[in-house]
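Peer 1: Got a file for you: target_25.cif, mmCIF, C-alpha atoms.
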```cif
data_structure
#
loop_
_atom_site.label_atom_id
_atom_site.label_comp_id
_atom_site.auth_asym_id
_atom_site.auth_seq_id
_atom_site.Cartn_x
_atom_site.Cartn_y
_atom_site.Cartn_z
CA MET A 284 -44.81 -12.35 91.17
CA THR A 285 -45.39 -8.62 90.66
CA SER A 286 -42.31 -6.93 89.27
CA ARG A 287 -41.65 -3.29 89.99
CA VAL A 288 -40.64 -1.69 86.71
CA GLU A 289 -38.95 1.71 86.75
CA GLU A 290 -38.47 3.87 83.68
CA ILE A 291 -34.93 5.21 83.38
CA ASP A 292 -33.87 8.36 81.57
CA ALA A 293 -30.51 7.05 80.43
CA ARG A 294 -29.32 10.53 79.40
CA ILE A 295 -29.19 11.73 83.01
CA ALA A 296 -29.27 8.57 85.14
CA PRO A 297 -26.29 8.05 87.49
CA ASP A 298 -23.63 5.57 86.45
CA ASP A 299 -24.60 3.17 89.24
CA VAL A 300 -28.13 2.93 87.82
CA LEU A 301 -26.93 2.34 84.26
CA SER A 302 -24.44 -0.24 85.54
CA ARG A 303 -27.46 -2.40 86.39
CA PHE A 304 -28.10 -2.72 82.66
CA ALA A 305 -24.54 -3.96 82.28
CA ALA A 306 -24.97 -6.52 85.09
CA ILE A 307 -28.05 -7.97 83.38
CA GLU A 308 -26.33 -7.96 79.99
CA HIS A 309 -23.35 -9.81 81.42
CA ARG A 310 -25.64 -12.50 82.85
CA THR A 311 -27.36 -13.08 79.49
CA TRP A 312 -24.48 -12.38 77.07
CA HIS A 313 -23.85 -16.07 76.36
CA GLU A 314 -27.34 -16.23 74.84
CA GLN A 315 -27.22 -12.93 72.99
CA ALA A 316 -23.73 -13.08 71.52
CA PRO A 317 -22.01 -16.46 71.95
CA GLY A 318 -18.28 -16.33 71.39
CA GLU A 319 -18.06 -12.54 71.56
CA PRO A 320 -16.14 -10.68 74.29
CA LEU A 321 -18.33 -9.02 76.90
CA ARG A 322 -18.93 -5.31 76.65
CA THR A 323 -17.37 -3.62 79.66
CA THR A 324 -19.59 -1.86 82.18
CA ASP A 325 -18.27 1.52 81.02
CA GLU A 326 -19.06 0.61 77.42
CA VAL A 327 -22.64 -0.38 78.30
CA ILE A 328 -23.16 2.82 80.30
CA ALA A 329 -21.96 4.92 77.37
CA PHE A 330 -24.13 2.97 74.93
CA TYR A 331 -27.32 3.68 76.85
CA ARG A 332 -26.46 7.26 77.78
CA HIS A 333 -25.47 8.48 74.31
CA GLN A 334 -27.98 7.13 71.81
CA PRO A 335 -28.28 9.16 68.57
CA THR A 336 -30.77 12.01 68.78
CA THR A 337 -32.41 10.95 65.51
CA HIS A 338 -34.56 8.26 67.14
CA ALA A 339 -36.54 7.83 70.36
CA SER A 340 -34.83 5.73 73.05
CA CYS A 341 -36.68 4.44 76.13
CA HIS A 342 -35.39 2.19 78.92
CA TRP A 343 -36.82 0.32 81.90
CA LEU A 344 -35.31 -1.59 84.82
CA ALA A 345 -36.63 -4.23 87.18
CA ASP A 346 -34.76 -6.20 89.82
CA GLY A 347 -32.94 -8.61 87.51
CA GLY A 348 -34.53 -7.52 84.24
CA MET A 349 -34.44 -4.70 81.69
CA ALA A 350 -36.18 -3.49 78.56
CA ALA A 351 -35.17 -1.04 75.85
CA LEU A 352 -37.25 0.46 73.06
CA TYR A 353 -35.75 2.22 70.03
CA VAL A 354 -38.12 3.89 67.58
CA HIS A 355 -36.75 5.02 64.21
CA GLY A 356 -40.16 5.12 62.53
CA PRO A 357 -43.66 3.56 62.63
CA THR A 358 -42.41 0.21 61.30
CA ALA A 359 -38.76 0.50 62.36
CA ALA A 360 -39.09 0.04 66.11
CA PHE A 361 -37.15 -2.49 68.18
CA VAL A 362 -37.58 -3.90 71.66
CA ASN A 363 -35.13 -5.84 73.77
CA VAL A 364 -36.34 -7.58 76.94
CA SER A 365 -33.79 -9.43 79.08
CA VAL A 366 -34.29 -11.23 82.39
CA VAL A 367 -31.55 -13.10 84.25
CA PRO A 368 -32.09 -16.88 84.00
CA GLU A 369 -33.02 -17.63 87.63
CA LEU A 370 -35.81 -15.02 87.66
CA ARG A 371 -37.62 -16.09 84.48
CA ARG A 372 -41.20 -17.39 84.28
CA ARG A 373 -42.28 -15.19 87.19
CA GLY A 374 -43.95 -12.40 85.23
CA MET A 375 -41.03 -9.98 85.05
CA GLY A 376 -40.61 -10.25 81.30
CA ARG A 377 -44.32 -9.65 80.76
CA ALA A 378 -44.28 -6.60 83.04
CA LEU A 379 -41.33 -5.13 81.15
CA LEU A 380 -42.89 -5.85 77.77
CA GLU A 381 -46.19 -4.26 78.78
CA ARG A 382 -44.42 -1.00 79.57
CA THR A 383 -42.64 -0.98 76.20
CA LEU A 384 -45.87 -1.74 74.33
CA GLU A 385 -47.66 1.12 76.06
CA ARG A 386 -44.91 3.54 75.09
CA ALA A 387 -44.62 2.15 71.55
CA ARG A 388 -48.31 2.81 70.95
CA ASP A 389 -47.93 6.33 72.34
CA LEU A 390 -45.13 6.88 69.80
CA GLY A 391 -47.24 5.71 66.88
CA VAL A 392 -45.49 2.40 66.30
CA ARG A 393 -47.35 0.04 63.97
CA ALA A 394 -44.83 -2.84 63.79
CA LEU A 395 -42.53 -3.72 66.69
CA HIS A 396 -39.53 -5.99 66.12
CA ALA A 397 -37.51 -8.17 68.47
CA HIS A 398 -34.86 -10.86 68.06
CA HIS A 399 -34.55 -14.25 69.70
CA SER A 400 -31.93 -16.99 69.37
CA THR A 401 -32.97 -19.46 72.08
CA ARG A 402 -35.97 -21.69 72.69
CA ALA A 403 -36.90 -19.63 75.72
CA GLY A 404 -36.81 -16.44 73.70
CA ALA A 405 -38.87 -17.98 70.91
CA ALA A 406 -41.48 -19.20 73.39
CA PHE A 407 -41.70 -15.78 75.08
CA ALA A 408 -42.14 -14.02 71.74
CA ALA A 409 -44.83 -16.43 70.56
CA ARG A 410 -46.68 -16.24 73.87
CA HIS A 411 -47.00 -12.48 73.47
CA GLY A 412 -48.15 -12.45 69.88
CA PHE A 413 -44.90 -11.90 67.96
CA ARG A 414 -44.71 -13.56 64.56
CA ASP A 415 -41.41 -15.10 63.46
CA GLY A 416 -39.94 -13.76 60.23
CA GLN A 417 -36.48 -13.18 58.83
CA ARG A 418 -33.52 -15.12 60.18
CA VAL A 419 -30.24 -13.26 60.74
CA VAL A 420 -26.86 -15.02 60.83
CA ARG A 421 -24.28 -13.64 63.26
CA SER A 422 -20.71 -14.45 62.25
CA LEU A 423 -17.31 -14.02 63.89
CA LEU A 424 -13.81 -13.46 62.51
CA ASP A 425 -10.63 -14.41 64.38
CA LEU A 426 -8.86 -11.23 63.30
CA PRO A 427 -5.25 -12.08 64.28
CA ALA A 428 -5.41 -15.40 62.42
CA ALA A 429 -7.42 -14.26 59.41
CA GLU A 430 -5.90 -14.53 55.93
CA LEU A 431 -6.62 -11.13 54.43
CA PRO A 432 -4.97 -10.70 51.01
CA PRO A 433 -4.35 -7.19 49.68
CA PRO A 434 -7.57 -5.93 48.08
CA ALA A 435 -7.74 -5.52 44.32
CA PRO A 436 -10.39 -2.94 43.45
CA PRO A 437 -11.41 -2.54 39.78
CA ASP A 438 -9.61 0.07 37.69
CA GLY A 439 -10.70 3.60 38.49
CA TRP A 440 -11.50 2.95 42.13
CA THR A 441 -9.40 3.90 45.16
CA LEU A 442 -9.88 2.57 48.69
CA VAL A 443 -9.94 5.21 51.43
CA THR A 444 -10.60 4.90 55.17
CA TRP A 445 -11.99 7.75 57.29
CA LEU A 446 -11.82 7.69 61.08
CA GLY A 447 -14.46 9.30 63.25
CA ARG A 448 -16.10 11.49 60.64
CA VAL A 449 -16.94 11.47 56.94
CA PRO A 450 -15.21 14.52 55.40
CA ASP A 451 -17.59 17.35 54.52
CA GLU A 452 -16.64 17.23 50.85
CA HIS A 453 -17.67 13.55 50.62
CA LEU A 454 -20.77 13.64 52.82
CA ALA A 455 -23.34 13.97 50.01
CA SER A 456 -21.80 11.11 48.05
CA PHE A 457 -21.68 8.96 51.19
CA VAL A 458 -25.37 9.59 51.89
CA THR A 459 -26.13 8.51 48.32
CA ALA A 460 -24.04 5.36 48.75
CA ARG A 461 -25.77 4.56 52.02
CA ALA A 462 -29.05 4.34 50.13
CA ALA A 463 -27.69 1.04 48.77
CA MET A 464 -28.94 -0.47 52.04
CA ASP A 465 -32.53 0.35 51.11
CA ASP A 466 -32.85 -2.78 48.95
CA ALA A 467 -30.99 -5.10 51.33
CA PRO A 468 -33.09 -8.03 52.57
CA SER A 469 -35.05 -6.98 55.67
CA ALA A 470 -37.83 -8.20 57.89
CA ASP A 471 -41.43 -7.89 56.79
CA ASP A 472 -43.09 -4.63 57.86
CA LEU A 473 -39.70 -2.99 58.47
CA GLU A 474 -38.91 0.29 56.76
CA PHE A 475 -36.13 2.54 58.04
CA PRO A 476 -36.20 6.25 57.31
CA THR A 477 -33.77 7.21 54.55
CA TRP A 478 -30.35 8.31 55.80
CA THR A 479 -29.57 12.00 55.47
CA ALA A 480 -26.53 14.16 56.15
CA ALA A 481 -28.07 15.01 59.54
CA THR A 482 -28.49 11.31 60.35
CA VAL A 483 -24.83 10.63 59.54
CA ARG A 484 -23.63 13.50 61.70
CA ALA A 485 -25.89 12.50 64.61
CA SER A 486 -24.55 8.95 64.47
CA GLU A 487 -20.96 10.20 64.43
CA GLU A 488 -21.60 12.44 67.42
CA SER A 489 -23.20 9.60 69.37
CA LEU A 490 -20.27 7.28 68.68
CA ALA A 491 -17.74 9.93 69.74
CA LEU A 492 -19.59 10.43 73.03
CA ARG A 493 -19.47 6.67 73.60
CA ASN A 494 -15.68 6.57 73.05
CA ARG A 495 -16.36 4.35 70.06
CA GLU A 496 -14.19 4.79 66.98
CA LEU A 497 -16.02 4.96 63.67
CA ARG A 498 -14.06 3.49 60.74
CA VAL A 499 -15.57 4.02 57.28
CA THR A 500 -13.84 2.45 54.28
CA VAL A 501 -15.06 3.41 50.81
CA ALA A 502 -14.32 2.69 47.17
CA ILE A 503 -14.21 6.10 45.55
CA ARG A 504 -13.60 7.49 42.05
CA PRO A 505 -11.57 10.61 41.22
CA ASP A 506 -14.83 12.55 40.70
CA GLY A 507 -15.87 11.74 44.29
CA GLU A 508 -18.47 9.09 43.52
CA ILE A 509 -18.58 6.37 46.20
CA GLY A 510 -19.41 2.96 44.82
CA ALA A 511 -19.23 0.87 48.00
CA PHE A 512 -18.66 1.35 51.70
CA THR A 513 -18.30 -0.58 54.92
CA GLU A 514 -18.34 0.60 58.55
CA LEU A 515 -16.43 -0.86 61.47
CA ARG A 516 -16.76 0.29 65.06
CA VAL A 517 -14.38 -0.21 67.98
CA SER A 518 -14.90 0.84 71.58
CA ARG A 519 -11.96 2.09 73.59
CA GLY A 520 -10.57 -0.71 75.75
CA SER A 521 -12.51 -3.46 73.95
CA THR A 522 -11.12 -6.50 72.14
CA LEU A 523 -14.18 -6.64 69.88
CA GLY A 524 -14.75 -4.87 66.58
CA PHE A 525 -18.08 -5.01 64.83
CA THR A 526 -19.34 -4.30 61.37
CA ASP A 527 -22.30 -1.98 61.03
CA ASP A 528 -23.36 -1.77 57.37
CA THR A 529 -21.68 -2.75 54.10
CA GLY A 530 -23.23 -1.77 50.81
CA THR A 531 -22.60 -1.34 47.09
CA ILE A 532 -24.77 0.90 44.97
CA ALA A 533 -26.73 -1.04 42.36
CA ALA A 534 -24.87 0.30 39.30
CA HIS A 535 -21.52 -1.03 40.59
CA ARG A 536 -22.41 -4.44 41.94
CA ARG A 537 -20.73 -7.69 40.86
CA GLN A 538 -17.39 -5.96 40.31
CA GLY A 539 -15.74 -6.99 43.58
CA LEU A 540 -16.12 -3.64 45.34
CA ALA A 541 -17.73 -5.10 48.46
CA ARG A 542 -14.89 -7.59 48.92
CA ALA A 543 -12.32 -4.87 48.30
CA VAL A 544 -13.68 -2.47 50.93
CA LYS A 545 -14.18 -5.32 53.39
CA LEU A 546 -10.58 -6.57 53.06
CA GLU A 547 -9.15 -3.05 53.24
CA SER A 548 -11.21 -2.26 56.33
CA LEU A 549 -10.17 -5.43 58.17
CA ARG A 550 -6.50 -5.11 57.25
CA ARG A 551 -6.40 -1.52 58.47
CA LEU A 552 -8.21 -2.47 61.66
CA ARG A 553 -5.65 -5.18 62.41
CA ASP A 554 -2.78 -2.77 61.79
CA ASP A 555 -4.28 0.02 63.89
CA HIS A 556 -5.70 -2.08 66.72
CA PRO A 557 -3.68 -5.24 67.36
CA GLU A 558 -5.65 -5.68 70.59
CA ILE A 559 -8.80 -6.60 68.64
CA THR A 560 -9.25 -10.37 68.64
CA VAL A 561 -12.78 -10.80 67.28
CA VAL A 562 -14.83 -8.98 64.65
CA THR A 563 -18.55 -9.64 64.40
CA THR A 564 -21.05 -9.09 61.62
CA SER A 565 -24.68 -9.96 60.91
CA ASN A 566 -26.45 -10.71 57.65
CA ALA A 567 -29.92 -11.78 56.62
CA GLU A 568 -29.82 -15.51 56.00
CA GLU A 569 -31.03 -15.00 52.43
CA ASN A 570 -28.37 -12.36 51.68
CA THR A 571 -26.09 -14.95 50.09
CA ALA A 572 -23.96 -12.41 48.24
CA MET A 573 -22.79 -10.58 51.37
CA ARG A 574 -22.53 -13.77 53.39
CA ARG A 575 -20.22 -15.14 50.68
CA VAL A 576 -18.05 -12.01 50.87
CA ASN A 577 -17.76 -12.42 54.64
CA GLU A 578 -17.07 -16.15 54.48
CA ARG A 579 -14.24 -15.58 51.97
CA ALA A 580 -12.72 -13.13 54.47
CA GLY A 581 -12.84 -15.80 57.19
CA PHE A 582 -16.08 -15.08 59.06
CA ARG A 583 -17.79 -18.16 60.49
CA PRO A 584 -21.41 -18.38 61.75
CA SER A 585 -21.79 -18.21 65.53
CA ALA A 586 -25.55 -17.89 66.04
CA VAL A 587 -28.82 -17.45 64.20
CA GLU A 588 -31.32 -14.86 65.38
CA THR A 589 -34.94 -14.78 64.34
CA THR A 590 -36.64 -11.44 63.85
CA ALA A 591 -40.09 -11.57 65.42
CA THR A 592 -42.67 -8.89 64.71
CA LEU A 593 -45.71 -7.75 66.69
CA ASP A 594 -48.49 -6.00 64.76
CA LEU A 595 -49.64 -3.22 67.07
CA SER A 596 -52.77 -2.65 65.04
CA VAL A 597 -54.22 -5.74 66.71
CA SER A 598 -54.96 -6.32 70.36
CA TYR A 599 -52.18 -7.40 72.69
CA PRO A 600 -52.81 -11.00 73.84
CA SER A 601 -53.73 -11.43 77.49
#
```
So, in terms of structure tokens, how does the structure I just supplied come out?
Peer 2:
Amino acid sequence: MTSRVEEIDARIAPDDVLSRFAAIEHRTWHEQAPGEPLRTTDEVIAFYRHQPTTHASCHWLADGGMAALYVHGPTAAFVNVSVVPELRRRGMGRALLERTLERARDLGVRALHAHHSTRAGAAFAARHGFRDGQRVVRSLLDLPAAELPPPAPPDGWTLVTWLGRVPDEHLASFVTARAAMDDAPSADDLEFPTWTAATVRASEESLALRNRELRVTVAIRPDGEIGAFTELRVSRGSTLGFTDDTGTIAAHRRQGLARAVKLESLRRLRDDHPEITVVTTSNAEENTAMRRVNERAGFRPSAVETTATLDLSVSYPS
């Protein structure tokens, strides 16, 4: 089978074209995110159309399949290839992957990462030269039923939540706190560019354009130093909330700050958005400290994804 693959400029593509991405996602969602509510078609359209301007975003469609490539840096590049179940093993996935590999090389990518959580996905990755690496645990929280005690931050720390935008006066401290993610467990050959004030603002703008509410909860001192933070995101009309990053700067770890910001964030989310039924988060399997924080809040594992990496300095297998 020869699959016709069309590159899509998601920034300007009509809604009916981008809705095809949603249709494919809905057919494969049970494999990608078991137990999580589907993203609505409008939410998927907004996601593809309004990616942050700080990284390269490329998209392709076939009849029943799609691919997306996101390049943050030479070793921080990610590919997602999805084909509806009844059209697999006919060459469509290969055709989509070949287009992404061609573009990735053009963009100077040295290490390309993907995720799989099924036998079929693992076999596809191995067949095309990807090497399995870090395992990532996806976990879900039943928010209405969760037991979330009032947080108890250490003396000298106050918990504050910002919606939509980090205040200008706290932006520099937030960027510094975000660097706590630099030593979080990550896949081999994966190095994200360091966050900057411009990166934060670009992310905020992208989320606003997607009708997705950014919720940042921090532990902060009177002098403005931020010791820990967590981000939650909620799309308008969705019943799903998801955690982006949670981090504590090295000098303030093992004091309970991560648990405090996590509990405060979840309690505020439940108060502000009673329609949210599920919150999702992901952690490296070896990140036992953060997984313990999440488990104490009520998160339970729902799936395990494996990060698979393709070294683009070697030849693509035929």
Peer 1: If the PyMOL selection byres ((chain A and resi 548) around 9) were run on this exact file, what residues would it hold? Put them as a list in words.
Peer 2: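 This file gives the following for the PyMOL selection byres ((chain A and resi 548) around 9): Thr444, Arg498, Val499, Thr500, Val501, Thr513, Glu514, Leu515, Ala543, Val544, Lys545, Leu546, Glu547, Leu549, Arg550, Arg551, Leu552 and Arg553 of chain A.
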Peer 1: What does the PyMOL selection byres ((chain A and resi 294) around 10) select in this file, as a list in words?
Peer 2: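 Matching residues under the PyMOL selection byres ((chain A and resi 294) around 10) are Ile291, Asp292, Ala293, Ile295, Ala296, Pro297, Leu301, Ile328, Ala329, Tyr331, Arg332, His333, Gln334 and Ser340 of chain A.
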Peer 1: Write the residues of the selection above to a file with C-alpha atoms, as a PDB file, keeping the file's coordinate frame.
Peer 2:
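The resulting file, again-v3.pdb, is reproduced below:
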```pdb
ATOM      1  CA  ILE A 291     -34.930   5.210  83.380  1.00  0.00           C
ATOM      2  CA  ASP A 292     -33.870   8.360  81.570  1.00  0.00           C
ATOM      3  CA  ALA A 293     -30.510   7.050  80.430  1.00  0.00           C
ATOM      4  CA  ILE A 295     -29.190  11.730  83.010  1.00  0.00           C
ATOM      5  CA  ALA A 296     -29.270   8.570  85.140  1.00  0.00           C
ATOM      6  CA  PRO A 297     -26.290   8.050  87.490  1.00  0.00           C
ATOM      7  CA  LEU A 301     -26.930   2.340  84.260  1.00  0.00           C
ATOM      8  CA  ILE A 328     -23.160   2.820  80.300  1.00  0.00           C
ATOM      9  CA  ALA A 329     -21.960   4.920  77.370  1.00  0.00           C
ATOM     10  CA  TYR A 331     -27.320   3.680  76.850  1.00  0.00           C
ATOM     11  CA  ARG A 332     -26.460   7.260  77.780  1.00  0.00           C
ATOM     12  CA  HIS A 333     -25.470   8.480  74.310  1.00  0.00           C
ATOM     13  CA  GLN A 334     -27.980   7.130  71.810  1.00  0.00           C
ATOM     14  CA  SER A 340     -34.830   5.730  73.050  1.00  0.00           C
TER      15      SER A 340
END
```
Peer 1: Could you work out how far atom CA of Arg461 of chain A lies from atom CA of Pro557 of chain A, giving the answer in Å with one decimal?
Peer 2: 28.6 Å
Peer 1: Residues near Ala460 of chain A, anyone? I mean within 9 Å using all atoms listed in the file, not counting same-chain ones fewer than 5 positions away, as JSON, numbers by chain.
Peer 2: {"A": [455, 508, 509, 510, 511, 512, 530, 531, 532]}
Peer 1: Quick one: distance from atom CA of Asp298 of chain A to atom CA of Leu490 of chain A in Å, one decimal?
Peer 2: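 One can read the atom CA of Asp298 of chain A to atom CA of Leu490 of chain A distance as 18.2 Å.
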Peer 1: I'd like to know which of A:Leu523, A:Ala481, A:Ala394, A:Ala463 is closest to Thr337 of chain A, using only C-alpha atoms.
Peer 2: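 Going through A:Leu523, A:Ala481, A:Ala394, A:Ala463 one by one, the smallest distance to Thr337 of chain A is for A:Ala481.
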Peer 1: May I ask which of the residues A:Glu496, A:Gly374, A:Thr324, A:Ala429 is the closest one to Asp555 of chain A, counting all atoms listed in the file?
Peer 2: A:Glu496
Peer 1: Could you list the residues chosen by the PyMOL selection byres ((chain A and resi 344-355) around 8) in this structure as a PyMOL selection string?
Peer 2: chain A and resi 286-291+304+307+337-343+356-367+370+375-376+379-380+383+387+390+392+475-476
Peer 1: Distance atom CA of Arg372 of chain A-atom CA of Arg310 of chain A, one decimal place?
Peer 2: 16.4 Å
Peer 1: Quick one: of A:Asn577, A:Ser486, A:Thr441, A:Thr401, who's nearest to Leu423 of chain A, counting only C-alpha atoms?
Peer 2: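 Among the listed residues, A:Asn577 lies closest to Leu423 of chain A.
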Peer 1: Nearest to Arg536 of chain A among A:Met573, A:Glu588, A:Arg418, A:Pro427, with distances taken over all atoms listed in the file: which residue is it?
Peer 2: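 Among the listed residues, A:Met573 lies closest to Arg536 of chain A.
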Peer 1: Calculated over all atoms listed in the file, which of the candidates A:Ile559, A:Ser422, A:Asp472, A:Ala428 has the smallest distance to His396 of chain A?
Peer 2: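 Selected residue with least distance to His396 of chain A: A:Asp472.
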Peer 1: What's around Trp440 of chain A at 6 Å? Count only C-alpha atoms, leave out sequence neighbours fewer than 3 positions away in its own chain, and write the answer as a list in words.
Peer 2: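 My list of contacting residues is Pro437, Ala502, Ile503 and Arg504 of chain A.
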Peer 1: Using all atoms listed in the file, which of the listed residues (A:Arg579, A:Arg495, A:Arg537, A:Arg303) sits closest to Phe330 of chain A?
Peer 2: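 With all atoms listed in the file as the atom set, the closest residue is A:Arg495.
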Peer 1: Extract, using only C-alpha atoms, all DNA, RNA and protein residues at most 9 Å from Glu488 of chain A, discarding same-chain residues fewer than 5 positions from it, and format them as JSON, numbers by chain.
Peer 2: {"A": [333, 335, 447, 448, 483, 493]}
Peer 1: Find the residues near Glu314 of chain A: any atom within 10 Å, counting all atoms listed in the file, skip ones fewer than 4 places away on the same chain, and give them as JSON, numbers by chain.
Peer 2: {"A": [308, 310, 318, 399, 400, 401, 404, 586]}
Peer 1: Got a sec: who's within 10 Å of Leu595 of chain A, counting only C-alpha atoms, leaving out chain neighbours fewer than 2 positions off, as a list in words?
Peer 2: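 Listing them by chain and then by number gives Thr358, Leu384, Ala387, Arg388, Gly391, Val392, Arg393, Ala394, Leu395, Gly412, Phe413, Thr592, Leu593, Val597, Ser598 and Tyr599 of chain A.
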